[in-house]
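Source file: upload-v8.tsv (TSV, C-alpha atoms and all ligand atoms)
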chain	number	residue	atom	x	y	z
A	1	MET	CA	105.25	73.17	134.00
A	2	GLY	CA	107.73	73.47	131.10
A	3	ASP	CA	107.90	76.12	128.40
A	4	PRO	CA	104.83	76.13	126.13
A	5	SER	CA	105.35	74.05	122.99
A	6	ARG	CA	105.78	76.02	119.79
A	7	ASP	CA	103.30	73.88	117.84
A	8	ASP	CA	100.63	74.18	120.53
A	9	VAL	CA	100.99	77.96	120.69
A	10	ARG	CA	100.82	78.27	116.90
A	11	SER	CA	97.80	76.06	116.36
A	12	ARG	CA	95.75	77.45	119.27
A	13	LEU	CA	96.53	81.03	118.40
A	14	LEU	CA	95.87	80.68	114.68
A	15	SER	CA	92.53	78.95	115.14
A	16	TRP	CA	91.50	81.53	117.76
A	17	TYR	CA	92.49	84.33	115.35
A	18	GLY	CA	90.54	82.74	112.50
A	19	ALA	CA	87.39	82.84	114.61
A	20	ASN	CA	87.92	86.12	116.47
A	21	ARG	CA	89.87	88.52	114.26
A	22	ARG	CA	88.34	91.94	113.92
A	23	ASP	CA	87.42	93.01	110.41
A	24	LEU	CA	89.64	96.07	109.99
A	25	PRO	CA	90.21	98.01	106.75
A	26	TRP	CA	93.96	97.25	106.53
A	27	ARG	CA	93.30	93.53	106.94
A	28	ARG	CA	91.31	93.47	103.73
A	29	SER	CA	94.39	94.14	101.60
A	30	ARG	CA	97.73	92.52	100.82
A	31	ASP	CA	98.95	95.73	99.19
A	32	PRO	CA	102.31	96.32	100.89
A	33	TYR	CA	101.92	100.10	100.74
A	34	ARG	CA	98.59	99.95	102.58
A	35	ILE	CA	100.10	97.64	105.16
A	36	LEU	CA	103.10	99.94	105.56
A	37	VAL	CA	100.80	102.93	106.10
A	38	ALA	CA	98.70	101.00	108.64
A	39	GLU	CA	101.76	99.92	110.62
A	40	TYR	CA	102.99	103.50	110.99
A	41	LEU	CA	99.65	105.08	111.57
A	42	LEU	CA	98.31	102.64	114.12
A	43	GLN	CA	101.28	102.15	116.42
A	44	ARG	CA	100.26	103.16	119.93
A	45	THR	CA	96.93	104.40	118.60
A	46	ARG	CA	93.47	103.10	119.40
A	47	ILE	CA	91.83	101.39	116.44
A	48	ALA	CA	88.70	103.52	116.71
A	49	SER	CA	90.63	106.79	116.55
A	50	GLY	CA	93.23	105.55	114.00
A	51	THR	CA	90.82	104.13	111.41
A	52	PRO	CA	89.46	107.46	110.05
A	53	TYR	CA	93.06	108.72	109.75
A	54	TYR	CA	94.02	105.59	107.81
A	55	GLU	CA	91.14	106.06	105.38
A	56	ARG	CA	91.80	109.79	104.91
A	57	PHE	CA	95.53	109.18	104.47
A	58	LEU	CA	94.99	106.65	101.66
A	59	GLU	CA	92.44	108.85	99.99
A	60	ARG	CA	94.95	111.71	99.93
A	61	PHE	CA	98.01	109.54	99.13
A	62	PRO	CA	96.71	106.44	97.31
A	63	THR	CA	100.17	105.22	96.22
A	64	VAL	CA	103.70	105.33	97.56
A	65	ARG	CA	104.60	107.69	94.70
A	66	ASP	CA	101.85	110.14	95.71
A	67	LEU	CA	103.15	110.12	99.25
A	68	ALA	CA	106.80	110.53	98.25
A	69	ALA	CA	106.01	113.48	95.96
A	70	ALA	CA	103.88	115.35	98.52
A	71	PRO	CA	105.29	118.24	100.57
A	72	PHE	CA	105.78	117.19	104.18
A	73	ASP	CA	103.30	119.84	105.35
A	74	ASP	CA	100.56	118.02	103.37
A	75	VAL	CA	101.45	114.78	105.16
A	76	LEU	CA	101.31	116.53	108.52
A	77	THR	CA	97.97	118.12	107.68
A	78	VAL	CA	96.39	114.68	107.21
A	79	TRP	CA	98.19	113.37	110.31
A	80	GLU	CA	97.28	116.35	112.51
A	81	GLY	CA	95.58	115.28	115.73
A	82	LEU	CA	96.94	111.73	115.68
A	83	GLY	CA	100.09	112.51	117.68
A	84	PHE	CA	103.56	110.92	117.42
A	85	TYR	CA	104.46	113.23	114.54
A	86	GLY	CA	107.92	111.66	114.17
A	87	ARG	CA	106.14	108.66	112.65
A	88	ALA	CA	104.71	110.87	109.88
A	89	ARG	CA	108.22	112.02	109.03
A	90	ASN	CA	109.57	108.47	109.09
A	91	LEU	CA	106.82	107.21	106.81
A	92	HIS	CA	107.42	110.10	104.42
A	93	VAL	CA	111.19	109.51	104.18
A	94	ALA	CA	110.64	105.75	103.84
A	95	ALA	CA	108.24	106.39	100.91
A	96	GLN	CA	110.80	108.69	99.25
A	97	ALA	CA	113.50	106.01	99.61
A	98	VAL	CA	111.16	103.36	98.12
A	99	VAL	CA	110.69	105.57	95.05
A	100	GLU	CA	114.36	106.54	94.73
A	101	ARG	CA	115.95	103.15	95.44
A	102	HIS	CA	113.29	100.61	94.50
A	103	HIS	CA	111.37	102.22	91.57
A	104	GLY	CA	108.31	102.71	93.77
A	105	MET	CA	108.03	99.02	94.76
A	106	ILE	CA	108.08	98.19	98.48
A	107	PRO	CA	111.10	95.88	98.91
A	108	GLN	CA	110.22	92.26	99.50
A	109	SER	CA	112.92	91.24	101.96
A	110	TYR	CA	113.21	91.98	105.66
A	111	HIS	CA	116.78	93.27	105.24
A	112	ASP	CA	115.88	95.64	102.38
A	113	LEU	CA	112.96	96.92	104.42
A	114	MET	CA	115.25	97.47	107.41
A	115	ALA	CA	117.68	99.38	105.18
A	116	LEU	CA	115.02	102.02	104.42
A	117	PRO	CA	115.31	105.18	106.48
A	118	GLY	CA	112.58	105.57	109.07
A	119	ILE	CA	111.79	101.82	109.31
A	120	GLY	CA	112.52	99.88	112.49
A	121	PRO	CA	112.44	96.14	113.25
A	122	TYR	CA	108.75	96.13	114.21
A	123	THR	CA	107.54	97.78	110.99
A	124	ALA	CA	109.93	95.75	108.80
A	125	GLY	CA	108.76	92.53	110.48
A	126	ALA	CA	105.07	93.41	110.15
A	127	VAL	CA	105.32	94.35	106.45
A	128	ALA	CA	107.60	91.40	105.59
A	129	SER	CA	105.33	88.86	107.28
A	130	ILE	CA	101.90	90.29	106.44
A	131	ALA	CA	102.52	91.50	102.88
A	132	PHE	CA	105.16	89.01	101.72
A	133	GLY	CA	104.70	85.93	103.92
A	134	ILE	CA	108.27	86.03	105.29
A	135	PRO	CA	108.54	84.19	108.65
A	136	VAL	CA	109.99	86.98	110.80
A	137	PRO	CA	108.60	88.30	114.10
A	138	ALA	CA	106.92	91.69	114.58
A	139	VAL	CA	107.38	92.63	118.21
A	140	ASP	CA	105.31	95.54	119.51
A	141	GLY	CA	104.16	96.34	123.05
A	142	ASN	CA	101.28	93.84	122.85
A	143	VAL	CA	103.58	91.01	121.79
A	144	ILE	CA	106.08	91.83	124.53
A	145	ARG	CA	103.35	91.60	127.14
A	146	VAL	CA	101.89	88.31	125.82
A	147	ILE	CA	105.31	86.61	125.58
A	148	ALA	CA	106.47	87.90	128.97
A	149	ARG	CA	103.35	86.34	130.52
A	150	LEU	CA	103.24	83.18	128.44
A	151	PHE	CA	106.89	82.37	129.26
A	152	ARG	CA	106.75	83.97	132.73
A	153	ILE	CA	109.67	86.31	132.11
A	154	ARG	CA	110.24	87.99	135.45
A	155	GLU	CA	112.78	90.55	134.32
A	156	ASN	CA	112.42	94.14	133.27
A	157	VAL	CA	111.05	94.15	129.71
A	158	THR	CA	112.39	97.66	129.06
A	159	SER	CA	115.97	96.33	129.16
A	160	GLY	CA	117.64	95.68	125.80
A	161	ALA	CA	118.73	92.15	126.74
A	162	VAL	CA	115.20	91.11	127.74
A	163	ARG	CA	113.78	92.67	124.56
A	164	ARG	CA	116.27	90.64	122.52
A	165	ARG	CA	115.25	87.49	124.33
A	166	ILE	CA	111.56	88.17	123.68
A	167	THR	CA	112.29	88.86	120.00
A	168	GLU	CA	114.19	85.58	119.82
A	169	ILE	CA	111.24	83.70	121.35
A	170	ALA	CA	108.82	85.45	118.96
A	171	GLY	CA	111.09	84.47	116.05
A	172	LYS	CA	110.93	80.81	117.07
A	173	LEU	CA	107.18	80.87	117.58
A	174	VAL	CA	106.26	82.50	114.26
A	175	SER	CA	104.49	80.11	111.90
A	176	PRO	CA	106.49	79.39	108.71
A	177	GLU	CA	103.27	78.76	106.80
A	178	GLN	CA	101.23	81.73	108.04
A	179	PRO	CA	103.65	84.29	109.49
A	180	GLY	CA	101.43	87.32	108.82
A	181	ALA	CA	98.37	85.76	110.44
A	182	PHE	CA	100.46	84.52	113.36
A	183	ASN	CA	102.00	87.93	114.08
A	184	GLN	CA	98.64	89.64	113.82
A	185	ALA	CA	97.12	86.98	116.09
A	186	LEU	CA	99.70	87.68	118.82
A	187	MET	CA	99.08	91.42	118.54
A	188	GLU	CA	95.32	90.90	118.51
A	189	LEU	CA	95.50	88.71	121.60
A	190	GLY	CA	97.47	91.42	123.41
A	191	ALA	CA	95.05	94.14	122.29
A	192	THR	CA	91.79	92.35	123.10
A	193	VAL	CA	92.39	89.56	125.67
A	194	CYS	CA	95.84	89.75	127.29
A	195	THR	CA	95.41	93.44	128.08
A	196	PRO	CA	97.76	95.38	130.39
A	197	SER	CA	95.83	95.53	133.65
A	198	ALA	CA	92.96	93.05	133.27
A	199	PRO	CA	93.94	90.01	131.20
A	200	ALA	CA	90.83	87.93	130.39
A	201	CYS	CA	92.55	84.57	130.89
A	202	ILE	CA	89.35	82.55	130.87
A	203	ARG	CA	88.79	83.66	127.26
A	204	CYS	CA	92.40	83.10	126.22
A	205	PRO	CA	93.32	80.31	123.78
A	206	LEU	CA	96.72	80.02	125.52
A	207	GLU	CA	95.41	79.74	129.08
A	208	ARG	CA	96.44	76.11	129.57
A	209	LEU	CA	99.97	76.83	128.28
A	210	CYS	CA	100.56	80.13	130.06
A	211	LEU	CA	103.22	80.05	132.79
A	212	ALA	CA	102.20	83.38	134.34
A	213	ARG	CA	98.59	82.19	134.60
A	214	ALA	CA	99.70	78.91	136.21
A	215	ALA	CA	101.73	80.89	138.77
A	216	GLY	CA	98.93	83.43	139.38
A	217	GLU	CA	101.20	86.21	138.07
A	218	GLU	CA	99.21	87.30	135.03
A	219	ARG	CA	98.48	90.70	136.57
A	220	THR	CA	101.98	91.36	137.90
A	221	LEU	CA	103.83	90.60	134.67
A	222	PRO	CA	105.41	92.08	132.66
A	223	ILE	CA	107.81	94.01	134.87
A	224	SER	CA	108.61	97.43	133.51
A	225	SER	CA	110.66	100.27	134.96
A	226	ARG	CA	108.99	102.91	132.81
A	227	PRO	CA	107.14	105.58	134.76
A	228	ARG	CA	103.43	105.11	134.10
A	229	SER	CA	102.13	108.60	134.64
A	230	PRO	CA	103.20	111.48	132.40
A	231	ARG	CA	105.29	114.27	133.92
A	232	ALA	CA	103.42	117.51	134.69
A	233	VAL	CA	104.94	120.51	132.91
A	234	SER	CA	103.83	124.17	132.90
A	235	VAL	CA	103.43	125.84	129.51
A	236	VAL	CA	102.52	129.26	128.17
A	237	PHE	CA	101.65	130.25	124.59
A	238	ALA	CA	100.80	133.48	122.81
A	239	LEU	CA	98.02	134.27	120.37
A	240	VAL	CA	99.86	137.20	118.75
A	241	THR	CA	97.42	138.96	116.42
A	242	ASP	CA	96.93	142.23	114.63
A	243	ASN	CA	93.81	142.75	112.51
A	244	ARG	CA	93.38	139.41	110.74
A	245	ARG	CA	96.99	138.26	111.03
A	246	VAL	CA	98.33	135.72	113.47
A	247	LEU	CA	101.89	134.69	114.34
A	248	VAL	CA	102.76	130.99	114.01
A	249	VAL	CA	106.10	129.22	114.37
A	250	ARG	CA	107.27	125.76	113.34
A	251	ARG	CA	107.97	123.51	116.33
A	252	PRO	CA	111.47	122.03	116.11
A	253	ARG	CA	111.81	118.42	115.03
A	254	GLY	CA	112.58	116.00	117.82
A	255	GLN	CA	110.40	117.93	120.28
A	256	LEU	CA	106.89	117.09	121.37
A	257	LEU	CA	104.59	117.98	118.41
A	258	GLY	CA	107.75	118.56	116.37
A	259	GLY	CA	107.22	119.64	112.75
A	260	LEU	CA	103.74	121.09	113.36
A	261	TRP	CA	103.04	124.81	113.16
A	262	ALA	CA	102.13	126.32	116.52
A	263	LEU	CA	101.51	129.45	118.51
A	264	PRO	CA	104.82	130.74	119.88
A	265	GLY	CA	105.69	129.79	123.46
A	266	GLY	CA	106.16	126.40	125.06
A	267	GLU	CA	107.38	124.82	128.26
A	268	ARG	CA	108.20	127.32	130.98
A	269	SER	CA	111.56	127.88	132.57
A	270	GLY	CA	110.25	128.92	135.98
A	271	ARG	CA	110.08	132.72	135.80
A	272	SER	CA	106.73	134.54	135.65
A	273	GLU	CA	104.36	133.56	132.82
A	274	THR	CA	104.81	136.96	131.19
A	275	ALA	CA	108.63	136.83	131.35
A	276	ASP	CA	108.70	133.29	129.97
A	277	LEU	CA	106.30	134.19	127.20
A	278	LYS	CA	108.19	137.32	126.10
A	279	SER	CA	111.48	135.43	126.14
A	280	SER	CA	110.09	132.51	124.04
A	281	ILE	CA	108.60	134.87	121.45
A	282	ARG	CA	111.86	136.81	121.23
A	283	THR	CA	113.80	133.55	120.66
A	284	GLN	CA	111.31	131.91	118.32
A	285	ALA	CA	110.11	134.88	116.24
A	286	GLY	CA	112.58	137.71	116.96
A	287	ILE	CA	109.96	140.23	118.13
A	288	GLU	CA	108.76	141.95	121.29
A	289	VAL	CA	105.10	141.80	122.27
A	290	ARG	CA	102.65	143.41	124.63
A	291	VAL	CA	101.02	140.68	126.70
A	292	GLY	CA	97.25	141.05	126.99
A	293	PRO	CA	94.56	139.06	128.83
A	294	ARG	CA	94.49	135.29	129.18
A	295	TRP	CA	92.67	133.78	126.20
A	296	SER	CA	92.27	130.18	127.31
A	297	ARG	CA	93.70	127.52	129.60
A	298	VAL	CA	95.78	124.57	128.43
A	299	ASN	CA	95.27	121.08	129.80
A	300	ARG	CA	96.66	118.42	127.50
A	301	THR	CA	98.04	114.97	128.27
A	302	PHE	CA	100.53	113.26	125.97
A	303	SER	CA	102.26	109.91	126.43
A	304	HIS	CA	105.10	111.26	128.61
A	305	ARG	CA	104.01	114.78	129.49
A	306	LYS	CA	101.02	116.57	130.86
A	307	TRP	CA	100.90	120.19	129.81
A	308	SER	CA	99.00	122.74	131.85
A	309	GLY	CA	99.07	126.51	131.56
A	310	SER	CA	97.60	129.32	129.48
A	311	ILE	CA	97.36	130.99	126.11
A	312	TYR	CA	97.53	134.82	126.24
A	313	ARG	CA	96.39	137.37	123.70
A	314	CYS	CA	99.39	139.47	122.64
A	315	SER	CA	100.01	142.38	120.23
A	316	PRO	CA	103.25	142.64	118.30
A	317	LEU	CA	105.50	145.66	118.87
A	318	GLY	CA	106.69	145.89	115.26
A	319	ARG	CA	106.05	143.62	112.30
A	320	PRO	CA	107.21	140.01	112.61
A	321	LYS	CA	109.61	138.91	109.86
A	322	GLY	CA	108.70	135.70	108.00
A	323	THR	CA	111.35	132.96	107.79
A	324	GLU	CA	111.39	129.19	107.20
A	325	SER	CA	110.01	128.68	110.67
A	326	VAL	CA	108.09	131.91	111.34
A	327	ARG	CA	104.92	133.07	109.58
A	328	TRP	CA	102.88	136.23	110.11
A	329	ILE	CA	99.86	135.30	108.08
A	330	LEU	CA	96.13	135.67	107.66
A	331	ARG	CA	94.18	133.47	110.04
A	332	GLU	CA	92.52	131.52	107.24
A	333	GLU	CA	95.96	130.73	105.79
A	334	ALA	CA	97.18	129.62	109.22
A	335	LEU	CA	94.19	127.27	109.49
A	336	ARG	CA	95.29	125.55	106.29
A	337	LEU	CA	98.70	124.64	107.82
A	338	PRO	CA	99.28	121.47	109.89
A	339	LEU	CA	98.74	123.04	113.31
A	340	VAL	CA	99.02	121.88	116.90
A	341	PRO	CA	95.36	120.87	117.39
A	342	PHE	CA	94.62	122.96	120.48
A	343	HIS	CA	96.29	125.98	118.86
A	344	ARG	CA	93.99	125.50	115.87
A	345	GLU	CA	91.06	125.58	118.31
A	346	ALA	CA	92.35	128.84	119.81
A	347	ILE	CA	92.65	130.52	116.38
A	348	GLN	CA	89.24	129.20	115.30
A	349	ALA	CA	87.66	130.44	118.53
A	350	LEU	CA	89.12	133.89	117.90
A	351	ALA	CA	87.76	133.93	114.35
A	352	GLY	CA	84.35	132.76	115.63
A	353	LEU	CA	84.13	135.43	118.31
A	354	GLU	CA	85.27	138.17	115.98
A	355	SER	CA	82.41	137.39	113.64
A	356	PHE	CA	80.19	138.64	116.54
A	357	GLY	CA	82.23	141.82	117.12
A	358	SER	CA	85.51	142.63	118.88
A	359	ALA	CA	87.15	139.72	120.72
A	360	ASP	CA	89.47	142.00	122.69
A	361	ASN	CA	89.48	141.26	126.42
A	362	ILE	CA	87.32	138.16	126.02
A	363	GLN	CA	88.59	135.02	127.68
A	364	ILE	CA	87.44	131.58	126.65
A	365	SER	CA	88.03	128.53	128.77
A	366	GLN	CA	88.88	124.94	127.83
B	401	LIG	S1	96.43	83.17	129.96
B	401	LIG	FE1	96.12	85.23	130.59
B	401	LIG	S2	98.15	86.06	130.97
B	401	LIG	FE2	98.39	84.17	129.79
B	401	LIG	S3	98.51	84.86	127.68
B	401	LIG	FE3	96.38	84.38	128.09
B	401	LIG	S4	95.42	86.30	128.76
B	401	LIG	FE4	97.65	86.54	128.86
Please rewrite the model in this file as structure tokens.
Amino acid sequence: MGDPSRDDVRSRLLSWYGANRRDLPWRRSRDPYRILVAEYLLQRTRIASGTPYYERFLERFPTVRDLAAAPFDDVLTVWEGLGFYGRARNLHVAAQAVVERHHGMIPQSYHDLMALPGIGPYTAGAVASIAFGIPVPAVDGNVIRVIARLFRIRENVTSGAVRRRITEIAGKLVSPEQPGAFNQALMELGATVCTPSAPACIRCPLERLCLARAAGEERTLPISSRPRSPRAVSVVFALVTDNRRVLVVRRPRGQLLGGLWALPGGERSGRSETADLKSSIRTQAGIEVRVGPRWSRVNRTFSHRKWSGSIYRCSPLGRPKGTESVRWILREEALRLPLVPFHREAIQALAGLESFGSADNIQISQ
């Protein structure tokens, strides 16, 4: 069996997409800004959980100018809970560059899109093809999987050379007449039919062309060297409070949950919980604390890490000094900041319990 013919792939996929595409809010618009927002917001996010974020985001920032002019904390507040916070920063800087360099108009060429800070080949390809009808590929994880199976690529798809080859194939397949629909069709096929562990080949419009299916390898491809399960890491955090004030620190950019405000603490270095906690608070907020009882347990799984550990009640020994990345503020003010979601829950639980009396020595569990 030879390589699938480009025309066959295009026509089968486009007619399947016409009949099976899901009606999603971002597919009802050709507005390039809305498409740009959708492409950032929905990468590696389930549609059901991403859709309310998309709608709230556009309500709060209806135009690229509104987004560019907003403080980054406002962007993070709307994004909070969605994860992958680096994407929020990238979208924000891209919007600012659109306003500064292109008078608030999303550029209409793939190369100008690629020249914007924070935009990579996938996003540039998706916006160029969907919003402007430019025949360029948009290669995300779904597309990689479909092409690796369709062309029976038995090499590691995490390698740069194999990625380039897949992008080249996607570039040749893309329909010159309907590039946006074609790219969305490939992604839709990967999301709904050619899924990672259980491809539904009998429902697939490409079944008769698919080399992996013909070889019985649809479940073993693609080959990837990436570890599948997230690494387990111990963490400890502090709910440092005094009367109605709480200590929060800004998590450094580039780290997990980077840019969000958080309770001080973090990943442990291997000493006792108390020693690690005191040392983190000293480094992050410049104060000493008295460590009190455990407040709650932490069990959170992210894409590459699984955090488990505790949050402790602590009292400050001295008054914390506010800086760019440290705030000693009223709890209600803290709750207005973009916060690490499970730290928000801890502060809210404290406020809730205190409305029934003293919360000292009470432990809640999660
Ligand atoms: S036939 Fe199966 S493996 Fe091949 S593209 Fe379709 S769903 Fe994927």
Got a sec to check which residues lie within 7 Å of ligand LIG 401 (chain B), using all atoms listed in the file, and send them as an mmCIF file with C-alpha atoms, keeping the file's coordinate frame?
data_model
loop_
_atom_site.group_PDB
_atom_site.id
_atom_site.type_symbol
_atom_site.label_atom_id
_atom_site.label_comp_id
_atom_site.auth_asym_id
_atom_site.auth_seq_id
_atom_site.Cartn_x
_atom_site.Cartn_y
_atom_site.Cartn_z
ATOM 1 C CA VAL A 146 101.890 88.310 125.820
ATOM 2 C CA ARG A 149 103.350 86.340 130.520
ATOM 3 C CA LEU A 150 103.240 83.180 128.440
ATOM 4 C CA VAL A 193 92.390 89.560 125.670
ATOM 5 C CA CYS A 194 95.840 89.750 127.290
ATOM 6 C CA PRO A 199 93.940 90.010 131.200
ATOM 7 C CA ALA A 200 90.830 87.930 130.390
ATOM 8 C CA CYS A 201 92.550 84.570 130.890
ATOM 9 C CA CYS A 204 92.400 83.100 126.220
ATOM 10 C CA PRO A 205 93.320 80.310 123.780
ATOM 11 C CA LEU A 206 96.720 80.020 125.520
ATOM 12 C CA GLU A 207 95.410 79.740 129.080
ATOM 13 C CA CYS A 210 100.560 80.130 130.060
ATOM 14 C CA ALA A 212 102.200 83.380 134.340
ATOM 15 C CA ARG A 213 98.590 82.190 134.600
ATOM 16 C CA GLU A 218 99.210 87.300 135.030
#
Checklist entry - Which residues come within 6 Å of region 303-307 of chain A, counting all atoms listed in the file, excluding same-chain residues fewer than 2 positions away, as a list in words? => result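 Returned residues: Pro230, Arg231, Ala232, Val233, Ser234, Asn299, Arg300 and Thr301 of chain A.
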Item to check | Distance query 7 Å from (106.0, 81.7, 127.8) using all atoms listed in the file, result as a list in words | outcome: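 It turns out the residues near that spot are Asp3, Pro4, Ile147, Ala148, Arg149, Leu150, Phe151, Arg152, Cys210 and Leu211 of chain A.
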Around region 91-99 of chain A, fit a box with edges along x, y and z, padding it by 5 Å on each side, then list its centre and edge lengths in Å to one decimal as AutoDock Vina command-line options.
--center_x 110.2 --center_y 106.7 --center_z 100.9 --size_x 16.7 --size_y 16.7 --size_z 21.8
Next on the checklist: Which residues are near Leu36 (chain A)? Cut-off 10 Å, all atoms listed in the file, ignore same chain within fewer than 2 positions. Put them as a PyMOL selection string.
Outcome noted: chain A and resi 26+31-34+38-41+64+91+94-95+106+119+123-124+126-128+130-131
Next on the checklist: Calculated over all atoms listed in the file, which of the candidates A:Asn183, A:Asn156, A:Thr220, A:Thr241 has the smallest distance to Pro316 (chain A)?
Outcome noted: A:Thr241
Next on the checklist: What's around region 76-90 of chain A at 9 Å? Count all atoms listed in the file, leave out sequence neighbours fewer than 2 positions away in its own chain, and write the answer as a PyMOL selection string.
Outcome noted: chain A and resi 40-41+43-45+49-50+53+56-57+60+72-74+92-95+117-119+253-254+256-260+302+336-341
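Closest approach to Asp8 (chain A) among A:Leu330, A:Ile311, A:Val174, A:Leu221: A:Val174, based on only C-alpha atoms.
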Checklist outcome for this item: CA of Asp276 (chain A) sits from CA of Arg250 (chain A) at a separation of 18.3 Å
Checklist entry - Hey, can you check how far CA of Arg271 (chain A) sits from CA of Tyr312 (chain A)? => result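 These atoms are spaced 15.9 Å apart.
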Checklist entry - Using all atoms listed in the file, which residues sit within 12 Å of region 12-21 of chain A once same-chain residues fewer than 6 positions away are excluded, as a PyMOL selection string? => result chain A and resi 4-6+27-28+146+173-175+177-193+203-209
